[in-house]
Structure formats: C-alpha cells, structure tokens
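A.B. asks: The following file, query27.txt, comprises compact mmCIF, C-alpha atoms and all ligand atoms:
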```txt
# COMPACT_ATOMS: atom_id res chain seq x y z
CA MET A 1 -28.54 10.66 -8.04
CA LYS A 2 -29.89 10.87 -11.55
CA ASN A 3 -27.68 13.68 -12.72
CA LEU A 4 -24.57 11.82 -11.73
CA VAL A 5 -23.53 8.98 -13.92
CA LEU A 6 -20.25 7.24 -14.09
CA CYS A 7 -17.99 8.19 -16.91
CA ALA A 8 -17.02 5.09 -18.77
CA ILE A 9 -13.42 6.06 -18.46
CA ILE A 10 -11.05 3.76 -16.73
CA PHE A 11 -7.64 5.23 -16.28
CA VAL A 12 -4.59 4.84 -14.21
CA LEU A 13 -3.96 7.39 -11.53
CA ALA A 14 -0.27 7.41 -12.11
CA ALA A 15 0.30 11.00 -11.10
CA ALA A 16 -1.41 10.82 -7.74
CA HIS A 17 0.49 12.50 -4.95
CA VAL A 18 2.22 9.98 -2.73
CA ASP A 19 3.51 10.55 0.76
CA ALA A 20 5.69 7.96 2.41
CA SER A 21 6.11 7.90 6.14
CA THR A 22 6.75 5.70 9.09
CA GLU A 23 4.66 5.86 12.18
CA THR A 24 6.04 4.64 15.44
CA THR A 25 2.73 5.07 17.18
CA HIS A 26 3.14 1.87 19.09
CA TYR A 27 6.15 3.35 20.84
CA MET A 28 4.97 6.93 21.24
CA PRO A 29 2.73 8.35 23.97
CA SER A 30 -0.69 8.90 22.41
CA ALA A 31 -0.49 12.69 22.85
CA GLU A 32 2.50 12.76 20.51
CA CYS A 33 0.89 10.66 17.81
CA TYR A 34 -0.75 13.67 16.14
CA ASP A 35 0.47 17.05 15.03
CA PRO A 36 -1.36 20.30 15.93
CA TYR A 37 -3.68 19.74 12.96
CA GLY A 38 -4.71 16.27 14.09
CA ARG A 39 -2.67 14.54 11.42
CA PRO A 40 -0.62 11.49 12.32
CA GLN A 41 2.99 12.34 12.97
CA MET A 42 5.04 11.53 9.94
CA GLN A 43 8.64 10.55 10.21
CA PRO A 44 11.03 10.35 7.31
CA ILE A 45 11.47 6.83 6.12
CA ARG A 46 12.83 6.60 2.67
CA CYS A 47 16.40 5.50 2.73
CA GLY A 48 18.99 8.28 2.47
CA GLU A 49 16.63 11.02 3.54
CA GLU A 50 18.31 12.00 6.79
CA ARG A 51 21.73 10.55 6.03
CA ASP A 52 23.30 8.04 3.71
CA THR A 53 22.16 4.56 4.71
CA ASP A 54 23.65 1.24 3.74
CA PHE A 55 21.54 -1.62 2.51
CA CYS A 56 22.23 -5.12 1.24
CA VAL A 57 20.32 -7.09 -1.36
CA GLN A 58 18.79 -10.47 -0.57
CA THR A 59 20.22 -13.16 -2.78
CA GLY A 60 18.33 -16.11 -1.29
CA TYR A 61 19.76 -18.41 1.34
CA SER A 62 23.37 -17.61 0.47
CA ASN A 63 25.38 -15.65 3.07
CA LYS A 64 26.87 -13.52 0.31
CA LYS A 65 25.11 -10.20 0.04
CA SER A 66 25.61 -7.36 -2.34
CA CYS A 67 25.65 -4.09 -0.39
CA ASP A 68 25.28 -0.49 -1.50
CA THR A 69 24.58 2.96 -0.09
CA CYS A 70 21.31 4.85 -0.46
CA ARG A 71 21.74 8.60 -0.74
CA ALA A 72 19.21 11.42 -0.64
CA GLY A 73 16.93 11.28 -3.67
CA ASP A 74 18.06 7.82 -4.78
CA HIS A 75 14.74 6.15 -3.96
CA SER A 76 12.25 8.92 -3.36
CA SER A 77 8.48 8.29 -3.23
CA ARG A 78 8.10 9.89 -6.69
CA PHE A 79 9.48 6.64 -8.10
CA LEU A 80 6.28 4.90 -6.96
CA THR A 81 4.19 6.50 -9.68
CA ASP A 82 6.58 7.37 -12.49
CA ILE A 83 6.41 5.50 -15.79
CA HIS A 84 7.03 1.83 -15.01
CA ASP A 85 9.64 0.39 -17.32
CA PRO A 86 10.66 -3.15 -16.29
CA ASP A 87 13.91 -2.71 -18.23
CA ASP A 88 14.83 0.47 -16.37
CA THR A 89 13.17 0.16 -13.00
CA THR A 90 12.99 3.03 -10.54
CA TRP A 91 11.80 2.31 -7.02
CA TRP A 92 11.01 3.78 -3.62
CA GLN A 93 12.88 2.16 -0.78
CA SER A 94 12.39 2.37 2.99
CA GLU A 95 15.08 2.37 5.60
CA THR A 96 16.10 -1.09 6.76
CA MET A 97 15.48 -3.30 9.76
CA PHE A 98 18.84 -2.01 11.04
CA GLU A 99 17.19 1.42 11.46
CA GLY A 100 14.14 -0.16 13.12
CA VAL A 101 11.79 -0.87 10.24
CA GLN A 102 9.79 -3.92 11.35
CA TYR A 103 6.58 -4.75 13.15
CA PRO A 104 5.11 -3.06 15.16
CA ASN A 105 6.58 -0.03 13.38
CA GLN A 106 4.56 0.71 10.27
CA VAL A 107 5.46 2.34 6.99
CA ASN A 108 2.62 4.26 5.34
CA LEU A 109 2.29 5.21 1.69
CA THR A 110 -0.57 7.63 1.14
CA LEU A 111 -2.07 8.45 -2.24
CA ASN A 112 -4.22 11.55 -2.25
CA LEU A 113 -6.60 11.22 -5.21
CA ALA A 114 -7.94 14.78 -4.71
CA LYS A 115 -11.57 13.78 -5.41
CA SER A 116 -13.94 10.86 -5.19
CA PHE A 117 -13.24 7.92 -7.50
CA ASP A 118 -14.64 4.46 -8.08
CA ILE A 119 -11.64 2.24 -7.48
CA THR A 120 -11.41 -0.69 -9.88
CA TYR A 121 -8.01 -2.07 -8.94
CA ILE A 122 -4.81 -1.24 -7.12
CA ARG A 123 -1.65 -2.89 -8.43
CA ILE A 124 1.59 -2.86 -6.48
CA VAL A 125 4.88 -4.10 -7.94
CA PHE A 126 7.40 -4.78 -5.18
CA TYR A 127 11.12 -4.44 -5.68
CA SER A 128 11.82 -6.22 -2.38
CA PRO A 129 10.14 -9.43 -1.30
CA ARG A 130 6.45 -8.82 -0.72
CA PRO A 131 5.66 -8.00 2.94
CA GLU A 132 4.63 -10.72 5.39
CA SER A 133 1.72 -8.45 6.32
CA PHE A 134 0.36 -5.28 4.79
CA SER A 135 -2.97 -3.53 4.41
CA ILE A 136 -4.75 -1.20 2.05
CA PHE A 137 -6.97 1.48 3.60
CA LYS A 138 -9.20 4.08 2.00
CA ARG A 139 -10.90 7.31 2.90
CA ILE A 140 -14.36 8.01 1.53
CA VAL A 141 -14.30 11.73 2.41
CA PRO A 142 -11.25 13.99 2.64
CA ASN A 143 -9.75 13.88 6.14
CA GLY A 144 -12.21 11.16 7.14
CA PRO A 145 -11.19 8.03 9.03
CA TRP A 146 -9.04 5.40 7.31
CA LEU A 147 -11.22 2.38 6.57
CA PRO A 148 -9.74 -1.08 5.96
CA TYR A 149 -9.98 -2.12 2.31
CA GLN A 150 -7.90 -5.29 2.14
CA HIS A 151 -5.30 -7.12 4.21
CA TYR A 152 -2.57 -9.40 2.88
CA SER A 153 -0.85 -11.53 5.47
CA ALA A 154 0.72 -14.92 6.05
CA THR A 155 -0.66 -14.55 9.59
CA CYS A 156 -4.17 -13.14 9.04
CA ARG A 157 -5.56 -14.28 12.37
CA ASP A 158 -2.59 -13.19 14.49
CA THR A 159 -1.90 -9.89 12.76
CA TYR A 160 -5.36 -8.66 11.78
CA GLY A 161 -7.71 -10.90 13.75
CA LEU A 162 -9.36 -12.13 10.56
CA PRO A 163 -9.70 -15.52 8.88
CA ASP A 164 -7.79 -16.21 5.67
CA SER A 165 -10.43 -15.80 2.98
CA VAL A 166 -10.76 -14.79 -0.66
CA SER A 167 -14.48 -14.05 -0.83
CA VAL A 168 -17.57 -12.94 1.02
CA LYS A 169 -20.43 -15.42 1.24
CA LYS A 170 -23.77 -14.41 -0.22
CA GLY A 171 -25.84 -12.71 2.45
CA GLU A 172 -22.81 -11.52 4.44
CA ASP A 173 -21.65 -7.92 4.74
CA GLU A 174 -20.07 -7.26 1.35
CA SER A 175 -18.41 -4.03 2.40
CA ARG A 176 -15.88 -5.47 4.79
CA ALA A 177 -12.18 -5.93 4.26
CA LEU A 178 -10.89 -9.47 3.77
CA CYS A 179 -7.50 -10.91 4.68
CA MET A 180 -5.80 -13.33 2.32
CA SER A 181 -2.53 -15.18 2.65
CA ASP A 182 -1.77 -15.31 -1.06
CA TYR A 183 1.03 -12.92 -2.01
CA SER A 184 2.69 -13.07 1.41
CA ASP A 185 5.61 -15.43 0.78
CA ILE A 186 9.20 -14.18 0.83
CA SER A 187 9.57 -15.55 -2.70
CA PRO A 188 9.99 -14.01 -5.24
CA LEU A 189 12.74 -11.77 -3.88
CA ARG A 190 11.95 -9.13 -6.50
CA ASP A 191 9.13 -8.14 -8.89
CA GLY A 192 6.36 -9.81 -6.87
CA THR A 193 3.06 -8.15 -7.78
CA VAL A 194 -0.12 -7.74 -5.77
CA VAL A 195 -3.37 -6.78 -7.47
CA PHE A 196 -6.38 -5.82 -5.38
CA ALA A 197 -9.55 -5.84 -7.48
CA SER A 198 -12.18 -4.05 -5.43
CA LEU A 199 -15.10 -6.26 -6.51
CA ASP A 200 -13.41 -9.66 -6.52
CA GLY A 201 -15.06 -12.16 -4.21
CA ARG A 202 -18.17 -10.01 -3.66
CA PRO A 203 -21.34 -11.76 -4.83
CA SER A 204 -23.32 -8.62 -5.71
CA ALA A 205 -20.63 -7.50 -8.18
CA ILE A 206 -22.68 -9.09 -10.96
CA ASN A 207 -25.48 -6.70 -10.05
CA PHE A 208 -23.23 -3.73 -9.30
CA GLU A 209 -25.49 -1.06 -10.81
CA ASN A 210 -28.18 -1.95 -8.28
CA SER A 211 -25.95 -2.52 -5.27
CA ILE A 212 -25.66 0.67 -3.22
CA GLU A 213 -23.48 -1.26 -0.80
CA LEU A 214 -20.87 -2.07 -3.44
CA GLN A 215 -21.13 1.33 -5.10
CA ASN A 216 -20.12 2.79 -1.73
CA TRP A 217 -17.50 0.07 -1.29
CA VAL A 218 -15.57 1.12 -4.41
CA THR A 219 -15.65 4.84 -3.54
CA ALA A 220 -12.44 6.44 -2.28
CA THR A 221 -10.79 9.85 -2.08
CA ASP A 222 -7.48 8.63 -0.67
CA ILE A 223 -5.67 5.31 -0.56
CA ARG A 224 -3.16 4.28 2.07
CA ILE A 225 -0.87 1.28 1.94
CA THR A 226 0.35 0.31 5.39
CA LEU A 227 3.35 -2.00 5.42
CA ASP A 228 3.24 -3.87 8.72
CA ARG A 229 5.66 -6.79 8.75
CA LEU A 230 8.71 -7.65 6.67
CA ASN A 231 9.25 -11.14 5.37
CA THR A 232 12.51 -12.65 6.59
CA PHE A 233 14.42 -15.90 6.47
CA GLY A 234 14.54 -15.85 10.29
CA ASP A 235 18.24 -14.94 10.38
CA GLU A 236 17.59 -11.47 11.80
CA VAL A 237 17.35 -12.92 15.30
CA PHE A 238 21.15 -12.97 15.59
CA GLY A 239 21.30 -9.19 15.12
CA ASP A 240 24.01 -9.23 12.44
CA ALA A 241 24.19 -5.74 10.93
CA GLN A 242 24.54 -6.94 7.35
CA VAL A 243 21.54 -9.22 7.75
CA LEU A 244 19.42 -6.45 9.29
CA LYS A 245 20.39 -4.12 6.42
CA SER A 246 19.13 -6.69 3.94
CA TYR A 247 15.53 -6.38 5.13
CA PHE A 248 13.57 -3.35 3.90
CA TYR A 249 10.53 -2.50 1.79
CA ALA A 250 10.96 -1.47 -1.82
CA ILE A 251 8.18 -0.79 -4.34
CA ALA A 252 8.76 -0.17 -8.04
CA ASP A 253 5.26 0.89 -9.01
CA ILE A 254 1.78 1.61 -7.68
CA ALA A 255 -1.06 1.93 -10.19
CA VAL A 256 -4.67 2.69 -9.31
CA GLY A 257 -7.33 1.88 -11.88
CA ALA A 258 -10.39 4.03 -11.27
CA ARG A 259 -13.20 5.88 -12.90
CA CYS A 260 -14.45 9.26 -11.82
CA LYS A 261 -17.97 10.22 -10.91
CA CYS A 262 -18.92 13.06 -13.22
CA ASN A 263 -21.65 14.37 -15.46
CA GLY A 264 -22.50 12.00 -18.25
CA HIS A 265 -21.33 14.21 -21.07
CA ALA A 266 -18.02 15.09 -19.42
CA SER A 267 -14.93 13.82 -21.17
CA LYS A 268 -12.56 14.32 -18.27
CA CYS A 269 -12.50 14.33 -14.49
CA VAL A 270 -12.57 17.65 -12.72
CA THR A 271 -11.05 18.19 -9.32
CA SER A 272 -14.35 18.96 -7.59
CA THR A 273 -16.65 16.01 -7.00
CA CA B 301 8.97 3.31 -10.57
```
Would you kindly transcribe this structure into structure tokens?
Ligand SMILES: [Ca+2]

C.D. replies:
Amino acid sequence: MKNLVLCAIIFVLAAAHVDASTETTHYMPSAECYDPYGRPQMQPIRCGEERDTDFCVQTGYSNKKSCDTCRAGDHSSRFLTDIHDPDDTTWWQSETMFEGVQYPNQVNLTLNLAKSFDITYIRIVFYSPRPESFSIFKRIVPNGPWLPYQHYSATCRDTYGLPDSVSVKKGEDESRALCMSDYSDISPLRDGTVVFASLDGRPSAINFENSIELQNWVTATDIRITLDRLNTFGDEVFGDAQVLKSYFYAIADIAVGARCKCNGHASKCVTST
C-alpha cells in the first residue's frame, strides 16, 4: 500500500510483555488443553512461583554442584526484558527436571508486541546451557495461529522432522522455517547466545523491497519461544535428585530488533497498525 511505508527506525522491543508458561499438552486430554476462551492452558513454571524450589548449578563434568533455593520473585519473567547488564545479570529461570521440565513437556515464553512489526532479529542470551531443541514461532495477526519461524536443534530430523540447514535454495519457498543444529550444544554452560536474523539464508533478501513473500515473512504481532528439550550430560537417567535439579532453562535477556509499519512522516510507532 502506497500510504504505508516503513519507518527507518530499528529499535529494540525491550519492554514487550512476556508471559512464561509450561504446557503439558502431551499429557493432558485434548479437551483440557484450552481454557474457556480458547487459549492454551498455562501452568506456572518459573521457579519459586508455587513454592520454594531447589536448584543446582552445572559445573561441567564434576560431581560437585552448587545448590541454592529459588523463591517467589527471584527469577520472574520480567528479568527477560529488563536492562541487560553482563556485570549484574538478572534472569528468568524455569523449574527443573526434578519437577518434570523436559521433553515432551514444553516451556513457552510469549512476547506480545501489541501491533504489527517487521522483525529484523531476535537475540536470546541463555543463563543455562542452550536447549537441545527449541523453536521460535510468530503470529501475523492477533490471536491467529502460531507459525513456525525457526527451529534450533541437535536433532532436527527427529524432533522437528526437518533437515539441518542454514539457508533456503533459490527457487524454494522462502517463507518456511528452517532447523539448524548450530547453537544446540550443552557448552557453554552459561551466556550462550542465539541470534535469529529473519532474512539470513533467504535469497530474495537482497531484493527485499520487491519481495512480497519476504515482506510477509518478517511480519509479526507476537513472538513465542518454545523450549522443547534440555541439554544434559546423560546423567539424569539414574534419577538422582541433585542431578535432576541441575537441569533447567534460564534466560538472561531477550531482545527483538524490529521496525514498525507506520506513515512515512511518523517519528514513533503507535499501538494501532
Ligand atoms: Ca535480564
């Protein structure tokens, strides 16, 4: 549309509202998967929300673990989008494998952007090891279906039924989610970063202004990060409580780089599209 041009403003959506939840849909009868409003059932997941929960910190292959207690408010989802200071890190933390966090149980982090944006990048700084498998989804209209945006997995084929790939070949569908195995190792144990650049590996990106397909591809009103499978050293199979409490998801920061669709002379985004 002629009267809509993209503001040349790229900014970080640091204040986006974030909901964190677990969904145990694989275990629940389908009728109980949704609330009366058709929304997926959310269950509290951040550590310490229902009761104090113990967790232990991975220190590598050593059996010695440093353990602590997570209390209400210690690692709330607001720490996902506060000012990220590497010298004074705040982080959101899930419950642990001891409480049942592991595939097929998912943990969802939902960012409601409140209007339509062109997503440039999504950067996630983990405070635990990066997951073995996780996905990014988007909505293109409020309350619309969640569409796959990108998968990260050490087991792309088994977990998501996709090949391990970093790009789309010219002539292929450029608006499909890829799965890549980079970023899925248990190392580093902390501060591993994942950056999803929405146009990376898509041949028509060099001709973005004329590619309706990619212009639609970058559009989103909501972003969801679904954490599917924890990385482990394999020692959880023995069921030791301290080992199980050492496996959980923790994220220090989520930043979304985006630009809003607005009238050309506008200097700021408004909440209506
Ligand atoms: Ca933080």

A.B. asks: Around ligand CA 301 (chain B), which protein and nucleic acid residues have at least one atom no more than 6 Å from it, if we count all atoms listed in the file? List them as a PyMOL selection string.

C.D. replies: chain A and resi 79-82+84+89-91+252-253

A.B. asks: Go ahead and compute the interatomic distance for CA of Gln58 (chain A) and CA of Arg123 (chain A), in Å to one decimal.

C.D. replies: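 Computing the Euclidean distance for CA of Gln58 (chain A) and CA of Arg123 (chain A) yields 23.2 Å.
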
A.B. asks: For region 236-245 of chain A, find every residue with an atom within 7 Å (counting all atoms listed in the file), except residues of its own chain fewer than 2 positions away, and show them as a compact mmCIF listing (two decimals) with C-alpha atoms, in the frame of the given file.

C.D. replies:
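out14.txt, written as the output of this step:
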```txt
# COMPACT_ATOMS: atom_id res chain seq x y z
CA ASP A 54 23.65 1.24 3.74
CA PHE A 55 21.54 -1.62 2.51
CA CYS A 56 22.23 -5.12 1.24
CA THR A 96 16.10 -1.09 6.76
CA MET A 97 15.48 -3.30 9.76
CA PHE A 98 18.84 -2.01 11.04
CA GLY A 234 14.54 -15.85 10.29
CA TYR A 247 15.53 -6.38 5.13
```

A.B. asks: Between CA of Ile83 (chain A) and CA of Arg139 (chain A), what is the distance in Å, rounded to a tenth?

C.D. replies: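 One can read the CA of Ile83 (chain A) to CA of Arg139 (chain A) distance as 25.5 Å.
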
A.B. asks: For Ile225 (chain A), which residue among A:Ile254, A:Cys179, A:Val166, A:Ile212 is the nearest when counting all atoms listed in the file?

C.D. replies: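 The answer is A:Ile254, which sits nearest to Ile225 (chain A).
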
A.B. asks: When distances are computed from all atoms listed in the file, which of A:Ala154, A:Cys70, A:Ile119, A:Val195 shows the smallest separation from Gly48 (chain A)?

C.D. replies: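 Between A:Ala154, A:Cys70, A:Ile119, A:Val195, the residue approaching Gly48 (chain A) most closely is A:Cys70.
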
A.B. asks: In Å, how far is it from CA of Asp222 (chain A) to CA of Leu111 (chain A)?

C.D. replies: 5.6 Å

A.B. asks: Determine the nearest neighbour of Tyr160 (chain A) from the options A:Asp200, A:Asp228, A:Glu172, A:Glu99, counting all atoms listed in the file.

C.D. replies: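 Using all atoms listed in the file, the shortest distance to Tyr160 (chain A) belongs to A:Asp228.
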
A.B. asks: Counting all atoms listed in the file, which residue out of A:Cys47, A:Leu147, A:Val125, A:Cys260 sits closest to Leu189 (chain A)?

C.D. replies: A:Val125

A.B. asks: Let me make sure I understand: among A:Asp118, A:Asp164, A:Asp52, A:Glu132, which one has the smallest atom-to-atom distance to Trp217 (chain A) if we use all atoms listed in the file?

C.D. replies: A:Asp118

A.B. asks: Pick from A:Ser198, A:Ser184, A:Thr59, A:Thr110: nearest to Val218 (chain A), with only C-alpha atoms counted?

C.D. replies: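 Closest residue, counting only C-alpha atoms: A:Ser198.
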
A.B. asks: If we count only C-alpha atoms, what is near Ile140 (chain A) at a cut-off of 7 Å, once residues fewer than 4 positions away on the same chain are taken out, given as a list in words?

C.D. replies: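 Final neighbour list, sorted by chain and number: Gly144, Thr219, Ala220 and Thr221 of chain A.
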
A.B. asks: What's around Ser181 (chain A) at 8 Å? Count all atoms listed in the file, leave out sequence neighbours fewer than 5 positions away in its own chain, and write the answer as a PyMOL selection string.

C.D. replies: chain A and resi 152-156+164-165

A.B. asks: Can you write out the residues you just picked, keeping C-alpha atoms, as a PDB file, in the frame of the given file?

C.D. replies:
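Written file, selection.pdb:
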```
ATOM      1  CA  TYR A 152      -2.570  -9.400   2.880  1.00  0.00           C
ATOM      2  CA  SER A 153      -0.850 -11.530   5.470  1.00  0.00           C
ATOM      3  CA  ALA A 154       0.720 -14.920   6.050  1.00  0.00           C
ATOM      4  CA  THR A 155      -0.660 -14.550   9.590  1.00  0.00           C
ATOM      5  CA  CYS A 156      -4.170 -13.140   9.040  1.00  0.00           C
ATOM      6  CA  ASP A 164      -7.790 -16.210   5.670  1.00  0.00           C
ATOM      7  CA  SER A 165     -10.430 -15.800   2.980  1.00  0.00           C
TER       8      SER A 165
END
```

A.B. asks: Excluding Val194 (chain A) and any residue of its chain fewer than 5 positions from it, enumerate the residues within 9 Å of it, using all atoms listed in the file, and give them as number ranges by chain.

C.D. replies: A: 122-126, 130, 183

A.B. asks: Please determine the residues with any atom at most 8 Å from (-23.6, -12.9, -0.4) (coordinates as given in the file, with all atoms listed in the file counting) and report them as JSON, numbers by chain.

C.D. replies: {"A": [168, 169, 170, 171, 172, 173, 174, 202, 203, 204]}

A.B. asks: Restrict the selected residues to C-alpha atoms and save them as a PDB file, keeping the file's coordinate frame.

C.D. replies:
```pdb
ATOM      1  CA  VAL A 168     -17.570 -12.940   1.020  1.00  0.00           C
ATOM      2  CA  LYS A 169     -20.430 -15.420   1.240  1.00  0.00           C
ATOM      3  CA  LYS A 170     -23.770 -14.410  -0.220  1.00  0.00           C
ATOM      4  CA  GLY A 171     -25.840 -12.710   2.450  1.00  0.00           C
ATOM      5  CA  GLU A 172     -22.810 -11.520   4.440  1.00  0.00           C
ATOM      6  CA  ASP A 173     -21.650  -7.920   4.740  1.00  0.00           C
ATOM      7  CA  GLU A 174     -20.070  -7.260   1.350  1.00  0.00           C
ATOM      8  CA  ARG A 202     -18.170 -10.010  -3.660  1.00  0.00           C
ATOM      9  CA  PRO A 203     -21.340 -11.760  -4.830  1.00  0.00           C
ATOM     10  CA  SER A 204     -23.320  -8.620  -5.710  1.00  0.00           C
TER      11      SER A 204
END
```
